[in-house]
file run-v4.csv (CSV, C-alpha atoms)
chain,number,residue,atom,x,y,z
A,1,MET,CA,14.1,45.6,-83.7
A,2,GLN,CA,15.6,42.2,-83.0
A,3,THR,CA,17.1,40.0,-85.8
A,4,ARG,CA,19.6,37.3,-85.9
A,5,PHE,CA,22.3,40.0,-86.4
A,6,THR,CA,21.4,41.8,-83.2
A,7,GLU,CA,21.2,38.6,-81.3
A,8,THR,CA,24.5,37.2,-82.6
A,9,PHE,CA,26.6,40.4,-82.2
A,10,GLY,CA,25.0,41.8,-79.1
A,11,VAL,CA,23.7,45.1,-80.5
A,12,ARG,CA,20.3,46.8,-80.3
A,13,LEU,CA,19.7,47.7,-84.0
A,14,PRO,CA,20.2,45.9,-87.3
A,15,LEU,CA,22.5,48.7,-88.6
A,16,ALA,CA,26.3,48.6,-89.2
A,17,CYS,CA,29.1,51.0,-90.2
A,18,PRO,CA,31.6,49.1,-92.4
A,19,GLY,CA,35.3,49.5,-92.1
A,20,MET,CA,35.9,52.3,-94.6
A,21,SER,CA,39.5,53.5,-94.8
A,22,TYR,CA,40.1,56.9,-93.2
A,23,ILE,CA,36.3,57.2,-92.4
A,24,ALA,CA,35.6,54.4,-89.9
A,25,THR,CA,37.7,56.1,-87.2
A,26,PRO,CA,37.4,55.4,-83.5
A,27,GLU,CA,35.0,58.3,-83.1
A,28,LEU,CA,32.6,57.1,-85.9
A,29,VAL,CA,32.8,53.5,-84.7
A,30,ALA,CA,32.0,54.5,-81.1
A,31,ALA,CA,29.1,56.8,-82.2
A,32,THR,CA,27.7,53.9,-84.2
A,33,ALA,CA,28.0,51.6,-81.2
A,34,ASN,CA,26.4,54.1,-78.8
A,35,ALA,CA,23.5,54.6,-81.2
A,36,GLY,CA,22.8,50.9,-81.2
A,37,GLY,CA,24.6,49.6,-84.2
A,38,LEU,CA,27.8,47.7,-84.9
A,39,GLY,CA,30.8,50.0,-85.9
A,40,ILE,CA,33.8,48.4,-87.6
A,41,LEU,CA,37.1,50.2,-87.4
A,42,ALA,CA,39.2,50.5,-90.6
A,43,SER,CA,42.7,49.1,-90.0
A,44,GLY,CA,43.9,49.4,-93.6
A,45,PRO,CA,45.7,52.8,-93.1
A,46,LEU,CA,47.1,51.9,-89.7
A,47,ASN,CA,50.2,50.2,-88.5
A,48,PRO,CA,50.0,47.8,-85.5
A,49,THR,CA,50.8,50.5,-82.9
A,50,GLN,CA,48.1,52.8,-84.4
A,51,THR,CA,45.7,49.9,-84.5
A,52,ARG,CA,46.2,49.1,-80.8
A,53,ALA,CA,45.7,52.8,-79.9
A,54,ALA,CA,42.6,53.0,-82.0
A,55,ILE,CA,41.0,50.0,-80.4
A,56,ARG,CA,41.8,51.4,-76.9
A,57,ARG,CA,40.3,54.8,-77.9
A,58,ILE,CA,37.1,53.1,-79.0
A,59,ARG,CA,36.9,51.4,-75.6
A,60,GLU,CA,37.3,54.9,-73.9
A,61,LEU,CA,34.3,56.1,-76.0
A,62,THR,CA,31.9,53.2,-75.6
A,63,ASP,CA,31.3,50.0,-73.6
A,64,LYS,CA,29.2,48.5,-76.5
A,65,PRO,CA,30.4,45.8,-78.9
A,66,PHE,CA,32.4,46.9,-81.9
A,67,GLY,CA,34.5,45.4,-84.7
A,68,ILE,CA,37.6,45.9,-86.7
A,69,GLY,CA,38.1,45.3,-90.4
A,70,CYS,CA,41.1,43.5,-91.8
A,71,THR,CA,41.6,43.4,-95.6
A,72,LEU,CA,43.9,40.5,-95.8
A,73,MET,CA,45.4,41.3,-99.2
A,74,MET,CA,46.7,44.6,-97.9
A,75,PRO,CA,50.3,44.9,-96.7
A,76,GLY,CA,50.4,44.8,-92.9
A,77,ALA,CA,46.9,43.4,-92.5
A,78,ARG,CA,47.9,40.2,-90.8
A,79,GLU,CA,49.9,42.2,-88.2
A,80,ASN,CA,47.0,44.5,-87.5
A,81,CYS,CA,44.7,41.5,-87.2
A,82,GLU,CA,47.1,40.0,-84.7
A,83,VAL,CA,46.8,43.1,-82.6
A,84,ALA,CA,43.0,42.9,-82.8
A,85,LEU,CA,43.1,39.3,-81.6
A,86,GLU,CA,45.5,40.2,-78.7
A,87,GLU,CA,43.1,43.0,-77.7
A,88,GLN,CA,40.2,40.6,-77.9
A,89,VAL,CA,38.1,42.8,-80.1
A,90,PRO,CA,34.5,41.6,-80.0
A,91,VAL,CA,34.0,41.3,-83.8
A,92,ILE,CA,36.6,40.9,-86.5
A,93,ASN,CA,35.5,41.4,-90.2
A,94,PHE,CA,38.0,40.0,-92.7
A,95,SER,CA,37.9,40.3,-96.5
A,96,LEU,CA,40.0,39.4,-99.6
A,97,GLY,CA,41.7,36.4,-98.0
A,98,LYS,CA,41.3,33.2,-96.0
A,99,GLY,CA,40.3,33.8,-92.4
A,100,ASP,CA,40.3,30.3,-90.9
A,101,TRP,CA,43.0,31.3,-88.4
A,102,ILE,CA,41.1,34.4,-87.4
A,103,VAL,CA,38.0,32.3,-86.7
A,104,GLU,CA,39.9,29.9,-84.5
A,105,ARG,CA,41.7,32.6,-82.5
A,106,ALA,CA,38.6,34.9,-82.1
A,107,HIS,CA,36.3,32.0,-81.0
A,108,ALA,CA,38.9,31.0,-78.4
A,109,TYR,CA,38.1,34.2,-76.4
A,110,GLY,CA,34.4,34.4,-77.3
A,111,GLY,CA,34.8,36.8,-80.2
A,112,LYS,CA,32.7,36.8,-83.4
A,113,VAL,CA,33.9,36.8,-87.0
A,114,ILE,CA,32.3,38.3,-90.1
A,115,ALA,CA,33.5,37.5,-93.7
A,116,THR,CA,32.9,40.0,-96.5
A,117,VAL,CA,31.7,38.1,-99.6
A,118,VAL,CA,30.4,39.0,-103.1
A,119,THR,CA,29.5,35.5,-104.4
A,120,GLU,CA,27.7,32.4,-103.3
A,121,LYS,CA,31.0,30.5,-103.6
A,122,HIS,CA,32.7,32.9,-101.1
A,123,ALA,CA,29.7,32.6,-98.8
A,124,ILE,CA,29.8,28.8,-98.7
A,125,SER,CA,33.5,28.8,-98.1
A,126,ALA,CA,33.2,31.3,-95.3
A,127,GLU,CA,30.5,29.3,-93.6
A,128,LYS,CA,32.6,26.2,-93.8
A,129,ALA,CA,35.4,28.1,-92.1
A,130,GLY,CA,33.1,28.8,-89.1
A,131,VAL,CA,32.4,32.5,-89.4
A,132,ASP,CA,29.4,33.9,-87.5
A,133,GLY,CA,28.1,36.3,-90.2
A,134,LEU,CA,28.4,37.5,-93.7
A,135,LEU,CA,28.8,41.0,-95.0
A,136,VAL,CA,27.3,40.7,-98.5
A,137,THR,CA,28.5,43.6,-100.7
A,138,GLY,CA,26.4,44.3,-103.8
A,139,HIS,CA,27.3,46.1,-107.0
A,140,GLU,CA,25.9,49.5,-105.8
A,141,ALA,CA,28.5,49.8,-103.0
A,142,ALA,CA,31.4,52.1,-102.7
A,143,ALA,CA,34.8,50.6,-103.3
A,144,HIS,CA,34.8,46.8,-103.9
A,145,GLY,CA,31.3,45.7,-104.4
A,146,GLY,CA,30.4,42.6,-106.3
A,147,GLU,CA,29.3,42.2,-109.9
A,148,VAL,CA,25.7,41.4,-108.9
A,149,THR,CA,23.3,44.0,-107.5
A,150,SER,CA,22.1,43.7,-103.9
A,151,LEU,CA,18.6,43.1,-105.1
A,152,VAL,CA,19.8,39.7,-106.5
A,153,LEU,CA,22.9,39.0,-104.5
A,154,ILE,CA,21.2,38.9,-101.1
A,155,PRO,CA,18.6,36.3,-101.9
A,156,ALA,CA,21.1,34.3,-103.9
A,157,ILE,CA,23.4,34.0,-100.8
A,158,ARG,CA,20.5,33.5,-98.5
A,159,LYS,CA,19.7,30.3,-100.6
A,160,VAL,CA,23.1,28.8,-99.8
A,161,SER,CA,23.8,30.1,-96.3
A,162,SER,CA,22.0,30.0,-93.0
A,163,LEU,CA,24.3,32.7,-91.4
A,164,PRO,CA,23.2,36.2,-90.4
A,165,ILE,CA,23.6,38.5,-93.5
A,166,ILE,CA,24.6,42.1,-93.3
A,167,ALA,CA,23.6,43.6,-96.7
A,168,ALA,CA,25.8,46.4,-98.1
A,169,GLY,CA,25.5,48.4,-101.3
A,170,GLY,CA,22.6,50.8,-101.9
A,171,PHE,CA,21.3,51.1,-98.3
A,172,GLY,CA,20.8,54.4,-96.4
A,173,SER,CA,17.2,54.7,-95.3
A,174,GLY,CA,14.4,52.9,-93.5
A,175,ALA,CA,13.0,51.7,-96.8
A,176,GLY,CA,16.3,50.2,-97.7
A,177,LEU,CA,16.4,48.4,-94.3
A,178,LEU,CA,13.0,46.9,-95.0
A,179,ALA,CA,14.0,45.9,-98.5
A,180,ALA,CA,17.1,44.1,-97.2
A,181,LEU,CA,15.1,42.3,-94.5
A,182,SER,CA,12.5,41.3,-97.1
A,183,LEU,CA,15.3,39.9,-99.3
A,184,GLY,CA,16.6,37.7,-96.5
A,185,ALA,CA,19.2,39.9,-94.8
A,186,ASP,CA,19.3,40.5,-91.1
A,187,ALA,CA,20.9,44.0,-91.1
A,188,VAL,CA,22.3,46.6,-93.4
A,189,ALA,CA,25.7,48.3,-93.6
A,190,MET,CA,25.5,51.9,-94.7
A,191,GLY,CA,29.0,53.2,-95.6
A,192,SER,CA,28.1,56.1,-97.8
A,193,ARG,CA,25.2,57.2,-95.5
A,194,LEU,CA,27.4,57.1,-92.4
A,195,ALA,CA,30.2,58.9,-94.2
A,196,MET,CA,27.7,61.8,-94.3
A,197,THR,CA,27.2,62.2,-90.5
A,198,ARG,CA,28.6,64.7,-88.1
A,199,GLU,CA,30.9,62.2,-86.5
A,200,SER,CA,32.4,61.2,-89.9
A,201,PRO,CA,35.9,62.7,-90.5
A,202,VAL,CA,35.1,63.3,-94.2
A,203,HIS,CA,36.1,66.8,-95.1
A,204,GLU,CA,33.2,69.3,-95.4
A,205,ARG,CA,34.2,70.1,-99.0
A,206,SER,CA,33.8,66.4,-99.8
A,207,LYS,CA,30.5,66.1,-97.9
A,208,GLU,CA,29.1,69.0,-99.9
A,209,MET,CA,30.2,67.3,-103.2
A,210,ILE,CA,28.5,64.1,-102.1
A,211,ARG,CA,25.3,66.1,-101.3
A,212,GLN,CA,25.3,67.5,-104.8
A,213,ARG,CA,25.8,64.3,-106.7
A,214,SER,CA,23.1,62.0,-108.2
A,215,VAL,CA,22.9,58.2,-108.1
A,216,ALA,CA,24.5,58.1,-111.6
A,217,ASP,CA,27.6,60.2,-110.7
A,218,THR,CA,30.0,57.3,-110.0
A,219,LEU,CA,32.6,55.4,-111.9
A,220,TYR,CA,33.3,51.7,-111.6
A,221,SER,CA,36.8,50.5,-112.8
A,222,ARG,CA,39.5,48.1,-112.0
A,223,HIS,CA,42.3,50.5,-113.0
A,224,PHE,CA,42.2,52.6,-109.8
A,225,ASP,CA,43.4,50.1,-107.2
A,226,GLY,CA,43.6,46.9,-109.2
A,227,LEU,CA,40.2,45.6,-108.2
A,228,TRP,CA,36.8,46.6,-109.4
A,229,CYS,CA,36.1,49.7,-107.4
A,230,ARG,CA,33.3,52.4,-107.3
A,231,MET,CA,34.1,56.1,-106.8
A,232,MET,CA,32.7,59.5,-107.3
A,233,ASP,CA,32.8,60.7,-110.9
A,234,THR,CA,35.3,63.6,-111.0
A,235,PRO,CA,38.0,64.6,-113.6
A,236,THR,CA,40.6,63.2,-111.2
A,237,ALA,CA,38.8,59.9,-110.9
A,238,ARG,CA,38.5,59.7,-114.7
A,239,ALA,CA,42.2,60.3,-115.1
A,240,ALA,CA,43.0,57.7,-112.5
A,241,THR,CA,40.9,55.0,-114.2
A,242,ARG,CA,41.9,55.7,-117.8
A,243,LYS,CA,44.4,52.9,-118.0
A,244,PRO,CA,46.2,50.4,-115.8
A,245,MET,CA,49.6,51.1,-114.3
A,246,ASN,CA,52.6,49.8,-116.2
A,247,LEU,CA,55.1,47.5,-114.6
A,248,LEU,CA,57.9,50.1,-114.3
A,249,ALA,CA,55.6,52.6,-112.6
A,250,ALA,CA,54.4,49.8,-110.4
A,251,ALA,CA,58.0,49.0,-109.4
A,252,TRP,CA,58.7,52.7,-108.5
A,253,LYS,CA,55.6,53.0,-106.4
A,254,ALA,CA,56.1,49.7,-104.7
A,255,SER,CA,59.6,50.8,-103.7
A,256,ALA,CA,58.1,53.8,-101.9
A,257,ILE,CA,55.6,51.6,-100.2
A,258,ALA,CA,58.4,49.2,-99.2
A,259,ARG,CA,60.3,52.1,-97.6
A,260,LYS,CA,57.2,53.1,-95.7
A,261,LEU,CA,56.7,49.6,-94.4
A,262,GLY,CA,60.3,49.0,-93.6
A,263,MET,CA,60.7,46.3,-96.2
A,264,PRO,CA,63.8,45.8,-98.4
A,265,VAL,CA,63.2,48.2,-101.3
A,266,TRP,CA,65.1,46.3,-104.1
A,267,LYS,CA,63.8,43.0,-103.0
A,268,VAL,CA,60.3,44.3,-103.4
A,269,ALA,CA,60.8,46.2,-106.6
A,270,VAL,CA,63.3,44.1,-108.6
A,271,GLY,CA,62.1,40.8,-107.1
A,272,GLY,CA,58.6,41.7,-107.8
A,273,MET,CA,59.3,42.6,-111.5
A,274,LEU,CA,61.1,39.3,-112.1
A,275,GLN,CA,59.1,36.8,-110.0
A,276,LYS,CA,55.6,38.2,-109.2
A,277,PRO,CA,54.8,41.1,-111.5
A,278,GLN,CA,51.0,40.9,-110.9
A,279,GLU,CA,51.4,41.0,-107.1
A,280,LEU,CA,53.8,43.9,-107.4
A,281,ARG,CA,51.4,45.8,-109.6
A,282,GLN,CA,48.6,45.1,-107.1
A,283,LEU,CA,50.7,46.3,-104.2
A,284,ALA,CA,51.6,49.5,-106.0
A,285,LEU,CA,48.0,50.2,-107.0
A,286,PHE,CA,46.8,49.8,-103.5
A,287,GLY,CA,49.5,52.1,-102.2
A,288,ALA,CA,48.8,54.8,-104.8
A,289,ALA,CA,45.1,54.5,-104.2
A,290,THR,CA,45.4,54.8,-100.5
A,291,GLU,CA,47.0,58.2,-100.6
A,292,SER,CA,44.5,59.4,-103.2
A,293,ILE,CA,41.6,58.3,-101.0
A,294,ARG,CA,43.1,60.0,-98.0
A,295,LEU,CA,43.5,63.3,-99.8
A,296,ALA,CA,39.8,63.4,-100.7
A,297,ILE,CA,38.6,62.3,-97.3
A,298,GLU,CA,40.9,64.2,-95.0
A,299,GLU,CA,41.8,67.3,-97.0
A,300,GLY,CA,38.8,67.6,-99.4
A,301,ASP,CA,41.4,67.7,-102.2
A,302,HIS,CA,39.7,66.5,-105.4
A,303,GLN,CA,42.4,67.8,-107.7
A,304,HIS,CA,44.6,65.0,-106.5
A,305,GLY,CA,42.2,62.7,-104.5
A,306,VAL,CA,39.5,60.3,-105.3
A,307,GLN,CA,36.4,59.8,-103.2
A,308,LEU,CA,35.1,56.3,-102.8
A,309,ILE,CA,31.3,56.4,-102.7
A,310,GLY,CA,28.3,54.3,-103.5
A,311,GLN,CA,25.4,55.0,-105.8
A,312,VAL,CA,23.3,55.8,-102.7
A,313,GLN,CA,25.1,59.2,-102.6
A,314,GLY,CA,22.2,60.5,-104.8
A,315,LEU,CA,19.7,59.9,-102.0
A,316,ILE,CA,21.7,61.7,-99.3
A,317,ASP,CA,21.0,65.4,-98.7
A,318,ASP,CA,21.9,66.1,-95.1
A,319,VAL,CA,24.5,65.5,-92.4
A,320,PRO,CA,22.8,64.4,-89.2
A,321,SER,CA,24.5,62.8,-86.1
A,322,VAL,CA,24.7,59.0,-86.1
A,323,GLN,CA,22.1,59.0,-83.3
A,324,GLN,CA,19.7,61.1,-85.3
A,325,LEU,CA,20.2,59.1,-88.4
A,326,PHE,CA,19.5,55.8,-86.7
A,327,GLU,CA,16.4,57.1,-85.0
A,328,ARG,CA,15.2,58.4,-88.4
A,329,ILE,CA,15.9,55.1,-90.2
A,330,MET,CA,14.0,53.1,-87.6
A,331,GLN,CA,11.1,55.5,-87.8
A,332,GLU,CA,11.1,55.2,-91.6
A,333,ALA,CA,11.2,51.4,-91.3
A,334,GLY,CA,8.2,51.5,-88.9
A,335,HIS,CA,6.2,53.7,-91.2
A,336,GLY,CA,7.1,51.6,-94.2
A,337,LEU,CA,6.1,48.4,-92.4
A,338,SER,CA,2.7,50.0,-91.4
A,339,ARG,CA,2.1,51.0,-95.0
A,340,LEU,CA,2.8,47.5,-96.3
A,341,GLN,CA,0.5,46.0,-93.7
A,342,GLN,CA,-2.3,48.3,-94.8
A,343,LEU,CA,-1.7,47.3,-98.4
A,344,GLN,CA,-2.0,43.7,-97.3
A,345,ALA,CA,-5.3,44.4,-95.5

call {"tool": "encode", "arguments": {"input": "run-v4.csv", "output": "structure tokens"}}
result
Amino acid sequence: MQTRFTETFGVRLPLACPGMSYIATPELVAATANAGGLGILASGPLNPTQTRAAIRRIRELTDKPFGIGCTLMMPGARENCEVALEEQVPVINFSLGKGDWIVERAHAYGGKVIATVVTEKHAISAEKAGVDGLLVTGHEAAAHGGEVTSLVLIPAIRKVSSLPIIAAGGFGSGAGLLAALSLGADAVAMGSRLAMTRESPVHERSKEMIRQRSVADTLYSRHFDGLWCRMMDTPTARAATRKPMNLLAAAWKASAIARKLGMPVWKVAVGGMLQKPQELRQLALFGAATESIRLAIEEGDHQHGVQLIGQVQGLIDDVPSVQQLFERIMQEAGHGLSRLQQLQA
């Protein structure tokens, strides 16, 4: 199936694996690429040395195009993005920040850039910056989806942008792919569905919990990491979203993060409290959330960890390989298209 997405990014299928922290590892990214889609490496949990090693590992596993995700609001994101540019990664996907400099640098070596957006305003701004595609994240998505559902957000952004659209939020089947294409998208990103594959590093205990959950078993709160975020409904997640972190707790956690990043501890903690308390709190929330996310994904620890997951979890009941999943999705899409054509006749 050829769309503007496949033509623009040089892949065979209109399917993508978004850059999910601790999940979109080199192995899952390469498996996605080898199966015909676009895999996007998560750089959030990595330092520059680890990012470079991960990029080179992907190149050992595949000769197909792949991408890297850079959440610009996160500490260390710019440094990781610099590594991606130096390594001339084919596709860079940025979010939560201005990516004009990324576009200029990537285009210089023939790379492509995708901006993650959740509103029409963001889409218009990204297109003016020269990006090559938009990852449009609806309300149903895991982590930081928009306020508007995919059913409405995709056609709204299609009205204001001519760029290829990758729809994210609620997609995990051939029917979902057809729906997204009908709404004006050119591909779908399926984070929760790809988290439930054999190549995914998600712990077996967490995979089993996802399999058992329904579409209603998620929480959506801004208290977990400071931004509106969707996660699996568990006692730990409920406790983590009960109330926002106070400033003193934020200063303590930010100090720990500063030590990890090699930044001056008192400059971050005390300076943040006095000059930029909101940025300090956001940094602390991100840091605390990162460890909680890792525990659920890597260790299957849901006593202390929180699993980011989309509402589509309720439609997932098996753990195929990425290749098997993509073949099934394309078959489902073909059957669905035939059924629609019969209805039309």

call {"tool": "residues_around", "arguments": {"input": "run-v4.csv", "residues": "A:Met1", "least_positions_apart": "6", "cutoff": "8 Å", "atoms": "all atoms listed in the file", "output": "list in words"}}
result
Arg12, Leu13 and Pro14 of chain A

call {"tool": "residues_around", "arguments": {"input": "run-v4.csv", "residues": "A:Ile58", "least_positions_apart": "6", "cutoff": "7 Å", "atoms": "only C-alpha atoms", "output": "compact mmCIF listing (two decimals) with C-alpha atoms, in the frame of the given file"}}
result
# COMPACT_ATOMS: atom_id res chain seq x y z
CA PRO A 26 37.40 55.40 -83.50
CA GLU A 27 35.00 58.30 -83.10
CA ALA A 30 32.00 54.50 -81.10

call {"tool": "closest_residue", "arguments": {"input": "run-v4.csv", "among": "A:Gly336, A:Pro75, A:Gly300, A:Gly310", "to": "A:Gly172", "atoms": "only C-alpha atoms"}}
result
A:Gly310

call {"tool": "residues_around", "arguments": {"input": "run-v4.csv", "residues": "stretch 160-166 of chain A", "least_positions_apart": "5", "cutoff": "6 Å", "atoms": "only C-alpha atoms", "output": "list in words"}}
result
Arg4, Phe5, Gly133, Leu134, Leu135, Ala185, Asp186, Ala187 and Val188 of chain A

call {"tool": "atom_distance", "arguments": {"input": "run-v4.csv", "atom1": "atom CA of A:Gly191", "atom2": "atom CA of A:Gln313"}}
result
10.0 Å

call {"tool": "closest_residue", "arguments": {"input": "run-v4.csv", "among": "A:Met74, A:Leu315, A:Val89, A:Ala35", "to": "A:Ala175", "atoms": "only C-alpha atoms"}}
result
A:Leu315

call {"tool": "atom_distance", "arguments": {"input": "run-v4.csv", "atom1": "atom CA of A:Glu199", "atom2": "atom CA of A:Ile329"}}
result
17.0 Å
